[in-house]
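J.: Provided herewith is a single structure, encoded as structure tokens, for subsequent inquiry.
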Protein chains: 2
Amino acid sequence: MTDVRTAEIIAVGTELLTPFRLDTNSLYLTEQLNSLGIDVRSKTVVGDEPADLADRLRQALARADLVVTTGGLGPTSDDLTRETVADVLGLRLIEDPALVESIRTRFERRGLRMPEANRKQAAVPAGARVLPNPNGTAPGLWLTADERVVILLPGPPREVRAIFEAAVQPELDARASGRRVWRRVLKVAGRSESHVEEIAEPIYSKLLTEDPPVQTTILASPGQVELHLSARGADGPAIQSALDRGVTALATALAPAVFSVDGSSLEVVVGRMLLERGWRMAAAESCTGGLFGGRITDVAGSSAWFTGGVVAYDNRVKVELLDVPAELVATHGAVSEPVGQAMAHGVRARLGADIGVGITGVAGPDGGTAEKPVGTVVIAVATAESSHVRTLRLVGDRPMVRVQAVNAALDLVRRALQ
Amino acid sequence: MTDVRTAEIIAVGTELLTPFRLDTNSLYLTEQLNSLGIDVRSKTVVGDEPADLADRLRQALARADLVVTTGGLGPTSDDLTRETVADVLGLRLIEDPALVESIRTRFERRGLRMPEANRKQAAVPAGARVLPNPNGTAPGLWLTADERVVILLPGPPREVRAIFEAAVQPELDARASGRRVWRRVLKVAGRSESHVEEIAEPIYSKLLTEDPPVQTTILASPGQVELHLSARGADGPAIQSALDRGVTALATALAPAVFSVDGSSLEVVVGRMLLERGWRMAAAESCTGGLFGGRITDVAGSSAWFTGGVVAYDNRVKVELLDVPAELVATHGAVSEPVGQAMAHGVRARLGADIGVGITGVAGPDGGTAEKPVGTVVIAVATAESSHVRTLRLVGDRPMVRVQAVNAALDLVRRALQ
């Protein structure tokens, strides 16, 4: 039995060749396979066409130690993965009476009779191992052919996950090389990708030449940059400590912009800091329209550190609900540091919070002026003792400006709490 | 010159074989190709490995009329699509002096010198047509080989779109069969997928047998179901009228749950209705924490119909900023129809709006009781004359409950305005 080192993933389904659906199972499968030390060398999507699937399966088997298919195990006439794979591997399909019973029971538990069409889901290629599906009627299947492994999984993500975790992961672990991949994620706010790259490059170039080598990937999204470190090997503790050294070196060089080295999101980090202090926050939002509050309350239990907020889209709301002096708006404009600060102070006082946040800006596409172009956003944080304010010039379209404004405001809160 | 009827898409880039990145360009490309009547038969992702790309390219050329690649046209040593494709097609690479100049100019406009590495982006396979890239340094390339077309595009989505629209679409249109695909989208709120399916099935089965046949696909997301109708043919007016008949039949059967037949989102539809009346809306949110306001203000110009809102996460905020009587909360609980209605009325009065929205619920995972389990959400709408309230039992995790609550509240506003 040879080690499984390389894999290819084939997603089957005509709906995955429309403009509306992506194969997202492959992200989960790649993460799982990588953690076992198995590289994914290629991903393919084919429609519900047996000839296409047979073609791709033969090609994949000629290249990779493992082929995982998703989809095409359903009860309808379109679902032909089982039949096609059996055909390519020269295996007969045999109905498994125990499987017929378990599918029938599944229907009966819901007070339904098993439709005759579902009977085909109990057909098993000779020699295949059945991988039970706790979340659906189609079981997974594990086949071997000339030292290659072929795993058939259904299409729905929760079925893929359940089958993989219970039945595929342990078995593949035994067949994998033992050279697992370990990962760490470092998250950075308020820095551009090129800025992070410039500081990080000398460090990650060096990490790559060490033993064991640590690889770094930079991923940027609006208002946030992530550094993904990974290393591979059989010696877990040595790998872990190499990754720890890498994380420390990068976090030191990039501090104080690094907000997380354990994968936590900015809203989770801010929530944790507030909880530690026993503080509660309130937010006054204009251009973000509620998105800041939405992000904070994404975190379960956030009522412990978030009292609420005011969406002051209209200037009258800024004056009446946040006690922003009308003459401040008249003199400096709604998008100005004095108004942002007054919003932060006002929402803090009105909502009885320890820390207040103010966000006001021009999200676009209209409303920009020469002095305050689209992308101009003021963020402010106020506590009983201190006050912080910054004016940002953000680049991008309306959704990008808004998400960057939320990230920048969360980061300003983080810095104010440090 | 034969018609281009089938295509395959190959995305190149090792980052697309990690657990972090998906090839999303293929959705855009599929939409564009389908609208020209070209079917996408397969999609493949390979890493930055010339041998892998060469292998997949040869196989794709044996099957499809058109192969589109994305990625691997950058200036670094990893970027090898240009070289690999030239090699597979047996073409020499020749540096294009005009292209060197245009890349150099691009850098100079930003006050930079062109790095020597970027010179390779000016190498063009003999006989290839250069497709200008307004958004980056890597131009696209159009090649032909034995009646097959190969199009090389860069990886960044905005570069893919710009090149496709300006240089690929018109040329492919001339090479396509003329049997274009036309589409319509019908959007439904407040109905489950199976409910929509049950009503729509007899209609779309019939549409499929008509001439020209109209295909229907049902796509469900939390709180919303979409019906995508498509038909293919050369006779534009006949196709359009077949689609119109299909849309009318389905919209009639599913009314009043259909909120859009032109692709508009629920927040756009609601905004349009408010604008027509000259009305302004305000929102009081508890469990959605600002997401309702966030959705409404996703629409540019929403200040014309949205004054703002109050995020009343803490019950004290409900009482103090929304004038919800404290005894109402004490008697009925924060998640109750009387409190939801009082929030809608309170926010309407406080923010001087014509219509007020109240949302209060148990988003989970904690906080549920036997009487009010996780997923219990009250939505309320109040105007000067009328008041609507509904209690929902939503299924799913915290993010799913919240997004369904926002959709349901938007839909209740829509129905109240009808």
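All residue names refer to the structure tokens as shown: chains lettered A, B, ... in order, residues numbered from 1 in each chain, ligands numbered from 1 in order.
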Determine, using only C-alpha atoms, which residues of chain A have any atom at most 8 Å from an atom of chain B, and tabulate each with its shortest atom pair and distance in Å to one decimal place, rows ordered by chain and then rising number, as a tab-separated table.

T.:
residue	atom	partner	partner_atom	distance
A:Leu17	CA	B:Val40	CA	6.3
A:Thr18	CA	B:Thr30	CA	6.5
A:Pro19	CA	B:Leu27	CA	4.4
A:Phe20	CA	B:Leu27	CA	6.8
A:Arg21	CA	B:Leu27	CA	7.6
A:Leu22	CA	B:Leu27	CA	7.6
A:Thr24	CA	B:Leu22	CA	7.7
A:Ser26	CA	B:Pro19	CA	7.7
A:Leu27	CA	B:Pro19	CA	4.5
A:Tyr28	CA	B:Pro19	CA	6.5
A:Leu29	CA	B:Pro19	CA	8.0
A:Thr30	CA	B:Pro19	CA	5.4
A:Glu31	CA	B:Pro19	CA	5.1
A:Val40	CA	B:Leu17	CA	6.4
A:Arg41	CA	B:Val46	CA	6.7
A:Ser42	CA	B:Val46	CA	4.9
A:Lys43	CA	B:Val45	CA	5.0
A:Thr44	CA	B:Thr44	CA	4.3
A:Val45	CA	B:Lys43	CA	5.0
A:Val46	CA	B:Ser42	CA	4.9
A:Gly47	CA	B:Arg41	CA	6.8
A:Cys287	CA	B:Thr297	CA	7.9
A:Thr288	CA	B:Gly294	CA	6.6
A:Gly289	CA	B:Gly294	CA	4.8
A:Gly290	CA	B:Gly290	CA	3.9
A:Leu291	CA	B:Gly294	CA	5.0
A:Phe292	CA	B:Gly290	CA	7.3
A:Gly293	CA	B:Gly290	CA	5.1
A:Gly294	CA	B:Gly290	CA	4.7
A:Ile296	CA	B:Gly289	CA	7.9
A:Thr297	CA	B:Gly289	CA	5.7
A:Asp298	CA	B:Pro399	CA	7.0
A:Ala300	CA	B:Pro365	CA	6.9
A:Gly301	CA	B:Asp366	CA	7.9
A:Ser303	CA	B:Tyr313	CA	6.5
A:Phe306	CA	B:Tyr313	CA	7.1
A:Thr307	CA	B:Asp314	CA	4.8
A:Gly308	CA	B:Tyr313	CA	4.7
A:Gly309	CA	B:Val311	CA	4.6
A:Val310	CA	B:Val310	CA	4.5
A:Val311	CA	B:Gly309	CA	4.6
A:Ala312	CA	B:Gly308	CA	5.1
A:Tyr313	CA	B:Gly308	CA	4.7
A:Asp314	CA	B:Thr307	CA	4.8
A:Val317	CA	B:Leu351	CA	6.4
A:Leu321	CA	B:Leu321	CA	7.9
A:Leu351	CA	B:Val317	CA	6.4
A:Gly364	CA	B:Ala300	CA	7.1
A:Pro365	CA	B:Ala300	CA	6.9
A:Asp366	CA	B:Ala300	CA	7.8
A:Arg398	CA	B:Asp298	CA	7.7
A:Pro399	CA	B:Asp298	CA	7.0

J.: Determine, counting only C-alpha atoms, which protein, DNA and RNA residues have an atom within 12 Å of an atom of A:Arg113; residues of the same chain fewer than 5 positions away are not included. Present the result as a PyMOL selection string.

T.: chain A and resi 101+103-108+118-119

J.: Could you give me, as number ranges by chain, the residues within 8 Å of stretch 195-208 of chain A, counting only C-alpha atoms and dropping anything in the same chain fewer than 6 positions from it?

T.: A: 214-216, 218, 225, 246, 249-250, 253-254

J.: Just list the residues in stretch 28-275 of chain B DSSP gives alpha helix (DSSP H) on the backbone, as a PyMOL selection string.

T.: chain B and resi 28-35+50-63+81-89+97-109+157-163+169-175+193-209+236-254+266-275

J.: How many Å separate atom CA of B:Pro212 from atom CA of A:Ser77?

T.: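 Going from atom CA of B:Pro212 over to atom CA of A:Ser77 covers 23.8 Å.
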
J.: Fewer than 6 positions away in the same chain doesn't count, so skip those; otherwise give me all residues within 9 Å of A:Val339, counting only C-alpha atoms, as an NGL selection string.

T.: :A and (318 or 324-325 or 328-329 or 332-333 or 358 or 360 or 378)

J.: Only C-alpha atoms, please: the residues just picked out, written as a JSON list (two decimals), in the first residue's frame.

T.:
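File again.json, as written:
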[["chain", "number", "residue", "atom", "x", "y", "z"],
["A", 318, "LYS", "CA", -27.49, 63.46, 14.30],
["A", 324, "VAL", "CA", -24.58, 66.90, 17.71],
["A", 325, "PRO", "CA", -24.80, 70.74, 17.75],
["A", 328, "LEU", "CA", -21.19, 72.08, 14.04],
["A", 329, "VAL", "CA", -22.84, 70.43, 11.03],
["A", 332, "HIS", "CA", -17.84, 71.93, 9.25],
["A", 333, "GLY", "CA", -20.21, 69.76, 7.22],
["A", 358, "GLY", "CA", -18.77, 57.71, 15.32],
["A", 360, "THR", "CA", -19.49, 59.63, 8.95],
["A", 378, "VAL", "CA", -14.20, 60.17, 9.45]]

J.: Expressed in Å to a single decimal, how great is the separation between atom CA of A:Val247 and atom CA of A:Val261?

T.: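 Atom CA of A:Val261 lies at a distance of 7.4 Å from atom CA of A:Val247.
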
J.: Between atom CA of A:Lys120 and atom CA of A:Asp146, what is the distance, to one decimal in Å?

T.: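 A separation of 26.4 Å between them.
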
J.: Of the candidates B:Leu153, B:Val181, B:Leu89, B:Val381, which one gets nearest to B:Gln240 if we count only C-alpha atoms?

T.: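 Closest residue, counting only C-alpha atoms: B:Val181.
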
J.: I'd like the neighbourhood of B:Glu95 as a list in words, where a residue qualifies if any of its atoms comes within 7 Å (using only C-alpha atoms), though same-chain residues fewer than 4 positions away should be ignored.

T.: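 What passes the distance filter is Ala122, Ala123 and Val124 of chain B.
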
J.: As a PyMOL selection string, please: the residues near B:Val67 (cut-off 9 Å, only C-alpha atoms, same-chain neighbours under 6 positions excluded).

T.: chain B and resi 6-10+57+60-61+148-152
